[in-house]
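**Student:** protein05.cif is reproduced in full below (mmCIF, C-alpha atoms and all ligand atoms).
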data_coords
loop_
_atom_site.label_atom_id
_atom_site.label_comp_id
_atom_site.auth_asym_id
_atom_site.auth_seq_id
_atom_site.Cartn_x
_atom_site.Cartn_y
_atom_site.Cartn_z
CA MET Y 1 78.48 -216.65 40.93
CA ILE Y 2 74.87 -217.46 41.71
CA GLU Y 3 73.28 -215.27 44.39
CA ASP Y 4 71.45 -216.89 47.33
CA LYS Y 5 68.09 -215.45 46.35
CA ASN Y 6 68.18 -217.11 42.94
CA GLY Y 7 66.60 -220.41 42.04
CA ILE Y 8 65.36 -222.19 38.96
CA TRP Y 9 62.38 -224.40 38.15
CA ILE Y 10 62.91 -226.87 35.33
CA THR Y 11 60.19 -229.05 33.83
CA GLY Y 12 60.93 -232.51 32.44
CA ALA Y 13 64.09 -232.97 34.50
CA SER Y 14 63.96 -236.75 34.93
CA SER Y 15 66.14 -237.51 31.88
CA GLY Y 16 68.10 -236.12 28.94
CA ILE Y 17 68.59 -232.37 28.58
CA GLY Y 18 66.48 -231.48 31.63
CA LYS Y 19 68.43 -233.80 33.91
CA ALA Y 20 71.77 -232.44 32.65
CA VAL Y 21 70.59 -228.83 33.10
CA ALA Y 22 69.35 -229.52 36.65
CA ILE Y 23 72.67 -231.10 37.61
CA GLU Y 24 74.74 -228.28 36.06
CA PHE Y 25 72.74 -225.60 37.90
CA ALA Y 26 73.07 -227.54 41.18
CA ARG Y 27 76.84 -227.76 40.65
CA VAL Y 28 77.17 -223.96 40.31
CA GLY Y 29 75.26 -223.47 43.56
CA THR Y 30 71.73 -222.70 42.38
CA ASN Y 31 68.62 -223.77 44.29
CA VAL Y 32 67.11 -226.17 41.73
CA CYS Y 33 63.43 -227.23 41.68
CA VAL Y 34 62.66 -230.08 39.30
CA SER Y 35 59.45 -231.53 37.90
CA SER Y 36 58.39 -234.44 35.75
CA ARG Y 37 55.87 -237.28 35.96
CA ARG Y 38 58.35 -240.03 36.97
CA VAL Y 39 59.25 -239.09 40.53
CA SER Y 40 61.39 -242.21 40.97
CA GLU Y 41 63.73 -240.94 38.22
CA LEU Y 42 64.05 -237.55 39.95
CA GLN Y 43 64.84 -239.34 43.22
CA ARG Y 44 67.48 -241.37 41.40
CA ILE Y 45 69.22 -238.11 40.34
CA ASN Y 46 69.39 -237.08 43.99
CA GLU Y 47 71.01 -240.42 44.78
CA GLU Y 48 73.58 -239.73 42.02
CA LEU Y 49 74.28 -236.29 43.51
CA TYR Y 50 74.52 -237.51 47.10
CA ASP Y 51 78.32 -237.89 47.11
CA GLU Y 52 78.69 -234.31 45.84
CA LYS Y 53 76.49 -233.15 48.76
CA LEU Y 54 74.04 -231.70 46.24
CA GLY Y 55 70.29 -232.20 45.92
CA LEU Y 56 67.35 -231.15 43.82
CA ASN Y 57 63.96 -230.08 45.24
CA ILE Y 58 61.42 -232.46 43.73
CA TYR Y 59 57.93 -231.23 42.75
CA PRO Y 60 56.09 -233.85 40.67
CA CYS Y 61 54.12 -232.24 37.86
CA ASN Y 62 52.44 -233.28 34.63
CA VAL Y 63 52.69 -230.08 32.60
CA ALA Y 64 49.85 -231.17 30.33
CA SER Y 65 47.44 -230.48 33.21
CA SER Y 66 46.89 -226.76 33.83
CA ALA Y 67 45.51 -227.52 37.31
CA ASN Y 68 48.62 -229.54 38.17
CA VAL Y 69 50.89 -226.74 36.90
CA GLU Y 70 48.96 -224.13 38.91
CA GLN Y 71 49.25 -226.16 42.15
CA THR Y 72 52.92 -226.91 41.54
CA VAL Y 73 53.80 -223.26 40.90
CA LYS Y 74 51.97 -222.26 44.10
CA LYS Y 75 53.95 -224.79 46.11
CA ILE Y 76 57.32 -224.02 44.52
CA PHE Y 77 56.98 -220.26 44.93
CA ALA Y 78 55.77 -220.61 48.52
CA GLU Y 79 58.86 -222.62 49.42
CA ASN Y 80 61.62 -221.17 47.17
CA GLN Y 81 62.95 -217.99 45.61
CA ILE Y 82 62.67 -218.66 41.90
CA ASP Y 83 63.88 -216.27 39.20
CA CYS Y 84 64.13 -218.64 36.23
CA LEU Y 85 61.70 -221.04 34.55
CA ILE Y 86 63.09 -223.57 32.09
CA ASN Y 87 60.39 -225.04 29.84
CA ASN Y 88 62.02 -228.31 28.86
CA ALA Y 89 59.36 -231.07 29.19
CA GLY Y 90 58.70 -232.44 25.74
CA ILE Y 91 57.75 -235.50 23.70
CA THR Y 92 57.60 -236.45 20.04
CA SER Y 93 56.51 -239.40 17.89
CA PHE Y 94 58.61 -239.45 14.64
CA LYS Y 95 55.62 -240.60 12.56
CA LYS Y 96 54.02 -239.53 9.30
CA ALA Y 97 51.15 -237.12 9.95
CA GLU Y 98 48.47 -239.57 8.81
CA LEU Y 99 49.81 -242.25 11.15
CA ASN Y 100 49.74 -240.08 14.27
CA SER Y 101 46.67 -240.87 16.40
CA ILE Y 102 44.58 -238.01 17.76
CA GLN Y 103 45.82 -239.03 21.22
CA GLU Y 104 49.47 -238.70 20.11
CA ILE Y 105 48.80 -235.31 18.53
CA ASN Y 106 46.96 -234.10 21.65
CA ASP Y 107 49.77 -235.35 23.89
CA ILE Y 108 52.49 -233.60 21.88
CA ILE Y 109 50.64 -230.26 21.71
CA SER Y 110 49.47 -230.47 25.35
CA THR Y 111 52.94 -231.22 26.68
CA ASN Y 112 55.26 -229.17 24.47
CA LEU Y 113 53.10 -226.15 23.70
CA LEU Y 114 50.28 -225.87 26.23
CA GLY Y 115 52.40 -227.23 29.09
CA SER Y 116 54.98 -224.49 28.53
CA ILE Y 117 52.29 -221.83 28.20
CA TYR Y 118 50.67 -222.98 31.48
CA ALA Y 119 54.02 -222.79 33.27
CA ILE Y 120 54.65 -219.30 31.90
CA LYS Y 121 51.11 -218.17 32.75
CA TYR Y 122 51.44 -219.12 36.44
CA VAL Y 123 55.06 -218.04 36.89
CA LEU Y 124 54.73 -214.68 35.16
CA PRO Y 125 52.84 -212.78 37.92
CA HIS Y 126 55.65 -213.66 40.36
CA PHE Y 127 58.34 -212.37 37.96
CA ILE Y 128 56.34 -209.21 37.20
CA GLU Y 129 55.90 -208.53 40.91
CA LYS Y 130 59.64 -208.94 41.54
CA GLY Y 131 60.60 -206.89 38.49
CA ASN Y 132 62.87 -209.54 37.03
CA GLY Y 133 62.98 -213.11 35.78
CA THR Y 134 64.23 -215.39 33.02
CA ILE Y 135 62.18 -217.80 30.92
CA ILE Y 136 64.22 -220.30 28.93
CA ASN Y 137 62.44 -222.48 26.36
CA ILE Y 138 63.98 -225.60 24.89
CA LEU Y 139 62.69 -225.38 21.32
CA SER Y 140 64.17 -227.37 18.44
CA VAL Y 141 65.90 -227.09 15.09
CA VAL Y 142 62.46 -227.91 13.60
CA THR Y 143 61.73 -224.19 14.06
CA LYS Y 144 64.53 -223.44 11.54
CA LYS Y 145 64.44 -226.31 9.06
CA ILE Y 146 61.71 -228.54 7.68
CA PHE Y 147 61.84 -232.24 8.64
CA LYS Y 148 59.47 -235.05 7.68
CA ASN Y 149 57.74 -237.17 10.35
CA SER Y 150 57.63 -234.30 12.84
CA SER Y 151 54.45 -232.39 11.98
CA ALA Y 152 52.79 -232.19 15.42
CA TYR Y 153 56.18 -231.70 17.08
CA ALA Y 154 57.05 -228.87 14.64
CA ALA Y 155 53.66 -227.25 15.29
CA SER Y 156 54.26 -227.39 19.05
CA LYS Y 157 57.74 -225.86 18.88
CA MET Y 158 56.79 -223.22 16.27
CA GLY Y 159 53.77 -222.41 18.45
CA LEU Y 160 55.93 -221.83 21.50
CA LEU Y 161 58.35 -219.73 19.46
CA GLY Y 162 55.47 -217.53 18.30
CA TYR Y 163 53.94 -217.30 21.77
CA THR Y 164 57.16 -216.30 23.48
CA ASN Y 165 58.30 -213.91 20.74
CA SER Y 166 55.05 -212.00 21.27
CA LEU Y 167 55.24 -212.28 25.07
CA ARG Y 168 58.82 -210.95 25.05
CA GLU Y 169 57.62 -207.60 23.72
CA GLU Y 170 55.06 -207.38 26.57
CA VAL Y 171 57.47 -208.16 29.38
CA ARG Y 172 60.62 -206.25 28.45
CA LYS Y 173 59.45 -203.43 30.72
CA TYR Y 174 59.44 -205.80 33.71
CA ASN Y 175 63.07 -206.81 33.15
CA ILE Y 176 61.99 -210.32 32.15
CA ARG Y 177 64.32 -212.10 29.73
CA ILE Y 178 63.05 -214.72 27.29
CA ILE Y 179 65.71 -217.01 25.87
CA ASN Y 180 64.88 -219.53 23.16
CA ILE Y 181 67.35 -222.41 22.86
CA ILE Y 182 67.18 -224.19 19.50
CA PRO Y 183 69.09 -227.50 19.65
CA GLY Y 184 69.71 -229.95 16.85
CA ALA Y 185 69.89 -233.70 17.42
CA THR Y 186 70.85 -234.38 21.02
CA ASP Y 187 71.76 -237.78 22.44
CA THR Y 188 68.74 -238.49 24.70
CA SER Y 189 65.98 -241.05 25.08
CA MET Y 190 63.78 -238.97 22.78
CA TRP Y 191 65.52 -240.97 20.04
CA SER Y 192 65.26 -244.75 19.61
CA SER Y 193 68.16 -246.86 20.84
CA GLU Y 194 68.92 -247.85 17.21
CA VAL Y 195 69.28 -244.20 16.14
CA ARG Y 196 71.41 -243.43 19.19
CA LYS Y 197 73.67 -246.43 18.63
CA LEU Y 198 74.29 -245.42 15.02
CA ASN Y 199 74.59 -241.66 15.52
CA SER Y 200 75.65 -240.99 19.09
CA GLU Y 201 79.06 -239.62 17.97
CA ASN Y 202 77.28 -237.09 15.75
CA MET Y 203 74.78 -235.89 18.33
CA ILE Y 204 75.02 -233.05 20.85
CA LYS Y 205 75.66 -234.14 24.43
CA PRO Y 206 72.98 -232.92 26.89
CA GLU Y 207 75.78 -231.80 29.24
CA ASP Y 208 77.06 -229.35 26.59
CA ILE Y 209 73.60 -227.77 26.27
CA ALA Y 210 73.43 -227.59 30.07
CA GLN Y 211 76.71 -225.64 30.27
CA LEU Y 212 75.50 -223.25 27.58
CA ILE Y 213 72.23 -222.62 29.43
CA VAL Y 214 73.98 -221.84 32.72
CA ARG Y 215 76.25 -219.36 30.88
CA LEU Y 216 73.26 -217.65 29.24
CA TYR Y 217 71.44 -217.46 32.57
CA LEU Y 218 74.49 -215.85 34.17
CA GLN Y 219 74.92 -213.17 31.46
CA LYS Y 220 75.02 -209.83 33.20
CA GLY Y 221 74.26 -206.28 32.17
CA ASN Y 222 71.43 -205.13 29.97
CA MET Y 223 72.16 -207.67 27.21
CA VAL Y 224 70.06 -210.79 26.62
CA THR Y 225 70.65 -213.66 24.18
CA GLU Y 226 67.13 -213.98 22.83
CA GLU Y 227 67.68 -216.98 20.56
CA ILE Y 228 70.50 -219.44 20.13
CA LEU Y 229 70.82 -222.27 17.58
CA VAL Y 230 73.15 -225.19 18.31
CA ARG Y 231 73.83 -228.14 16.01
CA PRO Y 232 76.21 -231.08 15.98
CA ILE Y 233 79.35 -229.95 14.08
CA THR Y 234 78.55 -232.67 11.54
CA GLY Y 235 75.10 -231.16 10.94
CA ASP Y 236 71.58 -232.54 11.21
CA LEU Y 237 70.90 -236.28 11.30
CA ASN Y 238 68.74 -236.09 8.17
N1 LIG Y 301 66.86 -234.84 21.91
C1 LIG Y 301 66.85 -233.98 20.92
O1 LIG Y 301 67.40 -234.23 19.83
C2 LIG Y 301 66.20 -232.64 21.08
C3 LIG Y 301 66.49 -231.63 20.15
C4 LIG Y 301 65.87 -230.41 20.28
C5 LIG Y 301 65.01 -230.16 21.33
N2 LIG Y 301 64.74 -231.16 22.23
C6 LIG Y 301 63.82 -230.86 23.31
O2 LIG Y 301 64.48 -231.06 24.55
C7 LIG Y 301 63.49 -231.27 25.57
C8 LIG Y 301 63.95 -232.44 26.43
O3 LIG Y 301 63.92 -233.63 25.66
P1 LIG Y 301 65.09 -234.73 25.74
O4 LIG Y 301 65.69 -234.79 24.42
O5 LIG Y 301 65.94 -234.48 26.92
O6 LIG Y 301 64.21 -236.06 25.89
P2 LIG Y 301 63.89 -236.99 27.15
O7 LIG Y 301 65.14 -237.55 27.73
O8 LIG Y 301 62.84 -237.92 26.67
O9 LIG Y 301 63.27 -235.99 28.23
C9 LIG Y 301 61.95 -235.52 28.18
C10 LIG Y 301 61.57 -235.05 29.57
O10 LIG Y 301 60.25 -234.49 29.52
C11 LIG Y 301 59.50 -235.04 30.58
N3 LIG Y 301 58.07 -235.01 30.26
C12 LIG Y 301 57.46 -235.58 29.20
N4 LIG Y 301 56.14 -235.37 29.26
C13 LIG Y 301 55.92 -234.64 30.40
C14 LIG Y 301 54.77 -234.12 31.03
N5 LIG Y 301 53.54 -234.28 30.51
N6 LIG Y 301 54.92 -233.42 32.19
C15 LIG Y 301 56.14 -233.25 32.73
N7 LIG Y 301 57.27 -233.73 32.18
C16 LIG Y 301 57.16 -234.42 31.03
C17 LIG Y 301 60.05 -236.43 30.80
O11 LIG Y 301 59.81 -236.85 32.14
P3 LIG Y 301 58.66 -237.85 32.61
O12 LIG Y 301 58.49 -238.89 31.56
O13 LIG Y 301 59.20 -238.36 33.91
O14 LIG Y 301 57.46 -236.98 32.82
C18 LIG Y 301 61.53 -236.19 30.59
O15 LIG Y 301 62.12 -235.75 31.79
C19 LIG Y 301 62.17 -231.51 24.83
O16 LIG Y 301 61.37 -230.35 24.88
C20 LIG Y 301 62.61 -231.78 23.40
O17 LIG Y 301 61.61 -231.42 22.47
C21 LIG Y 301 65.33 -232.39 22.13
#
Take the structure in this file and express it as structure tokens.
Ligand SMILES: NC(=O)c1ccc[n+]([C@@H]2O[C@H](COP(=O)([O-])OP(=O)(O)OC[C@H]3O[C@@H](n4cnc5c(N)ncnc54)[C@H](OP(=O)(O)O)[C@@H]3O)[C@@H](O)[C@H]2O)c1
**Tutor:**
Amino acid sequence: MIEDKNGIWITGASSGIGKAVAIEFARVGTNVCVSSRRVSELQRINEELYDEKLGLNIYPCNVASSANVEQTVKKIFAENQIDCLINNAGITSFKKAELNSIQEINDIISTNLLGSIYAIKYVLPHFIEKGNGTIINILSVVTKKIFKNSSAYAASKMGLLGYTNSLREEVRKYNIRIINIIPGATDTSMWSSEVRKLNSENMIKPEDIAQLIVRLYLQKGNMVTEEILVRPITGDLN
């Protein structure tokens, strides 16, 4: 069971995996703080949860802005007990490297890599002070296998893998767990509607990742699952 003093902050919770994770944590009784840029979508989730008498605490945040992340962390930690950060906000472009604009490349790196690093940077002092905490990163199968048309995305996810693998060695002594989730193709709006229509049956459901994450968060004792790779049973899409 979740203890009263526990709460999570999840970035990019307005759709897909983040939304499913937020809902799953709320259903097991966790205090859930959610962020994303589209506040109306976060409010819509609360409307969906109304009949279950559940609700998420909404803190709008664009993770690509370090100032916005700093302010949001201040507010969340002043108003909640948080012992878990889930770095989920992410974007991609599925284009050949030479066709990606500088803006697209900047957006992917700023959101997926820098955004996660900013969140970690501002949350970490709170976890160190408390002497415990969990950081869960939603990485991608691109950290395990080479795909075309994903160069900036692969760089962002490999970058976060490297950053957190190094960080993990620094923070073990503070009882801080770092868990890297490495999903294969998941049925979310990150993919075009054509791809989803054709492949939905062979994609992971965000709700299944959400259940896995709650289980990993709840693992007790001195064991931590540091990295976990999940794929559709049928394998990768390409
Ligand atoms: N779908 C897959 O096959 C797959 C596989 C492996 C890993 N992942 C990873 O899973 C994570 C979630 O993606 P998804 O598949 O669930 O796609 P999604 O449905 O498009 O969700 C992406 C989420 O990130 C948020 N976001 C984007 N830019 C943001 C920013 N600058 N600041 C704050 N929030 C931002 C979006 O909210 P707003 O637009 O409201 O800000 C949205 O809630 C990503 O990190 C992705 O790389 C996905």
**Student:** So, with all atoms listed in the file as the atoms that count, which of Y:Val141, Y:Ile82, Y:Leu49, Y:Ile117 lies closest to ligand LIG 301 (chain Y)?
**Tutor:**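 The shortest atom-to-atom distance to ligand LIG 301 (chain Y) comes from Y:Val141.
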**Student:** Can you tell me which residues surround Ile135 in chain Y at a distance of at most 6 Å, considering all atoms listed in the file, apart from same-chain residues fewer than 2 positions away, and format the answer as an MDAnalysis selection string?
**Tutor:** chainID Y and resid 84:86 178
**Student:** Kindly give the distance, in Å, that separates CA of Ser15 in chain Y and atom C19 of ligand LIG 301 (chain Y), rounded to a single decimal.
**Tutor:**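 Rounded to one decimal, the two atoms are 10.1 Å apart.
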**Student:** Give as an mmCIF file with C-alpha atoms, in the coordinates of the input every residue, naming chains and numbers as the document does, that has an atom within 12 Å of (70.1, -213.5, 21.1), counting all atoms listed in the file.
**Tutor:**
data_model
loop_
_atom_site.group_PDB
_atom_site.id
_atom_site.type_symbol
_atom_site.label_atom_id
_atom_site.label_comp_id
_atom_site.auth_asym_id
_atom_site.auth_seq_id
_atom_site.Cartn_x
_atom_site.Cartn_y
_atom_site.Cartn_z
ATOM 1 C CA ILE Y 136 64.220 -220.300 28.930
ATOM 2 C CA ASN Y 165 58.300 -213.910 20.740
ATOM 3 C CA ARG Y 177 64.320 -212.100 29.730
ATOM 4 C CA ILE Y 178 63.050 -214.720 27.290
ATOM 5 C CA ILE Y 179 65.710 -217.010 25.870
ATOM 6 C CA ASN Y 180 64.880 -219.530 23.160
ATOM 7 C CA ILE Y 181 67.350 -222.410 22.860
ATOM 8 C CA ILE Y 182 67.180 -224.190 19.500
ATOM 9 C CA LEU Y 216 73.260 -217.650 29.240
ATOM 10 C CA GLN Y 219 74.920 -213.170 31.460
ATOM 11 C CA MET Y 223 72.160 -207.670 27.210
ATOM 12 C CA VAL Y 224 70.060 -210.790 26.620
ATOM 13 C CA THR Y 225 70.650 -213.660 24.180
ATOM 14 C CA GLU Y 226 67.130 -213.980 22.830
ATOM 15 C CA GLU Y 227 67.680 -216.980 20.560
ATOM 16 C CA ILE Y 228 70.500 -219.440 20.130
ATOM 17 C CA LEU Y 229 70.820 -222.270 17.580
#
**Student:** Please identify every residue of chain Y that has at least one atom no farther than 9 Å from an atom of ligand LIG 301 (chain Y), counting only C-alpha atoms and all ligand atoms, and for each give the shortest atom pair and the distance in Å to one decimal, arranged by chain then increasing number, as a Markdown table.
**Tutor:**
| residue | atom | partner | partner_atom | distance |
| --- | --- | --- | --- | --- |
| Y:Thr11 | CA | Y:LIG301 | N7 | 5.8 |
| Y:Gly12 | CA | Y:LIG301 | C11 | 3.5 |
| Y:Ala13 | CA | Y:LIG301 | O15 | 4.4 |
| Y:Ser14 | CA | Y:LIG301 | O15 | 3.8 |
| Y:Ser15 | CA | Y:LIG301 | O7 | 4.3 |
| Y:Gly16 | CA | Y:LIG301 | O5 | 3.4 |
| Y:Ile17 | CA | Y:LIG301 | O5 | 3.8 |
| Y:Gly18 | CA | Y:LIG301 | O5 | 5.6 |
| Y:Lys19 | CA | Y:LIG301 | O15 | 6.9 |
| Y:Ala20 | CA | Y:LIG301 | O5 | 8.4 |
| Y:Ser35 | CA | Y:LIG301 | C15 | 6.4 |
| Y:Ser36 | CA | Y:LIG301 | N7 | 3.8 |
| Y:Arg37 | CA | Y:LIG301 | O14 | 3.5 |
| Y:Arg38 | CA | Y:LIG301 | O13 | 3.6 |
| Y:Val39 | CA | Y:LIG301 | O13 | 6.7 |
| Y:Ser40 | CA | Y:LIG301 | O13 | 8.3 |
| Y:Glu41 | CA | Y:LIG301 | O13 | 6.8 |
| Y:Leu42 | CA | Y:LIG301 | O13 | 7.8 |
| Y:Pro60 | CA | Y:LIG301 | C15 | 8.0 |
| Y:Cys61 | CA | Y:LIG301 | C15 | 5.6 |
| Y:Asn62 | CA | Y:LIG301 | N6 | 3.5 |
| Y:Val63 | CA | Y:LIG301 | N6 | 4.0 |
| Y:Ala64 | CA | Y:LIG301 | N5 | 4.8 |
| Y:Ser65 | CA | Y:LIG301 | N5 | 7.7 |
| Y:Asn87 | CA | Y:LIG301 | O16 | 7.3 |
| Y:Asn88 | CA | Y:LIG301 | O16 | 4.5 |
| Y:Ala89 | CA | Y:LIG301 | O10 | 3.5 |
| Y:Gly90 | CA | Y:LIG301 | O16 | 3.5 |
| Y:Ile91 | CA | Y:LIG301 | C12 | 5.5 |
| Y:Thr92 | CA | Y:LIG301 | O17 | 6.9 |
| Y:Asp107 | CA | Y:LIG301 | N5 | 7.7 |
| Y:Ile108 | CA | Y:LIG301 | N4 | 8.4 |
| Y:Ser110 | CA | Y:LIG301 | N5 | 7.6 |
| Y:Thr111 | CA | Y:LIG301 | N5 | 4.9 |
| Y:Asn112 | CA | Y:LIG301 | O16 | 6.2 |
| Y:Gly115 | CA | Y:LIG301 | N5 | 7.3 |
| Y:Asn137 | CA | Y:LIG301 | O16 | 8.1 |
| Y:Ile138 | CA | Y:LIG301 | O16 | 5.4 |
| Y:Leu139 | CA | Y:LIG301 | C5 | 5.3 |
| Y:Ser140 | CA | Y:LIG301 | C4 | 3.9 |
| Y:Val141 | CA | Y:LIG301 | C4 | 6.2 |
| Y:Val142 | CA | Y:LIG301 | C4 | 7.9 |
| Y:Tyr153 | CA | Y:LIG301 | O17 | 7.7 |
| Y:Lys157 | CA | Y:LIG301 | O17 | 7.7 |
| Y:Ile181 | CA | Y:LIG301 | C5 | 8.2 |
| Y:Ile182 | CA | Y:LIG301 | C4 | 6.4 |
| Y:Pro183 | CA | Y:LIG301 | C4 | 4.4 |
| Y:Gly184 | CA | Y:LIG301 | C3 | 4.9 |
| Y:Ala185 | CA | Y:LIG301 | O1 | 3.5 |
| Y:Thr186 | CA | Y:LIG301 | O1 | 3.7 |
| Y:Asp187 | CA | Y:LIG301 | N1 | 5.7 |
| Y:Thr188 | CA | Y:LIG301 | O7 | 4.8 |
| Y:Ser189 | CA | Y:LIG301 | O7 | 4.5 |
| Y:Met190 | CA | Y:LIG301 | O8 | 4.1 |
| Y:Trp191 | CA | Y:LIG301 | N1 | 6.5 |
| Y:Met203 | CA | Y:LIG301 | O1 | 7.7 |
| Y:Ile204 | CA | Y:LIG301 | O1 | 7.8 |
| Y:Pro206 | CA | Y:LIG301 | O5 | 7.2 |
**Student:** Determine the nearest neighbour of Ile109 in chain Y from the options Y:Leu167, Y:Ile76, Y:Ile146, Y:Ser151, counting all atoms listed in the file.
**Tutor:** Y:Ser151
**Student:** Using only the atoms of range 76-79 of chain Y listed in the file, plus 6 Å on each side, state the axis-aligned box centre and edge lengths in Å rounded to one decimal, as AutoDock Vina command-line options.
**Tutor:**
--center_x 57.3 --center_y -222.1 --center_z 47.0 --size_x 15.1 --size_y 15.8 --size_z 16.9
**Student:** Just to confirm, what's the straight-line distance from CA of Pro125 in chain Y to CA of Glu70 in chain Y in Å (one decimal)?
**Tutor:** 12.0 Å
**Student:** CA of Leu161 in chain Y and CA of Thr143 in chain Y, how far apart in Å?
**Tutor:**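 These atoms are spaced 7.8 Å apart.
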**Student:** Taking all atoms listed in the file into account, name the residue in Y:Asp51, Y:Glu98, Y:Glu170, Y:Glu79 that is nearest to Cys33 in chain Y.
**Tutor:**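 Looking at the shortest contact to Cys33 in chain Y, the residue is Y:Glu79.
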**Student:** Residues at most 9 Å from Gln43 in chain Y, counting only C-alpha atoms, excluding those fewer than 5 positions away in the same chain, as a VMD selection string?
**Tutor:** chain Y and resid 14 48 56 58
**Student:** I need the residue nearest Ala210 in chain Y from this list: Y:Tyr50, Y:Ile10, Y:Ile23, Y:Leu124. Use all atoms listed in the file for the distance.
**Tutor:**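 Smallest distance to Ala210 in chain Y is found for Y:Ile23.
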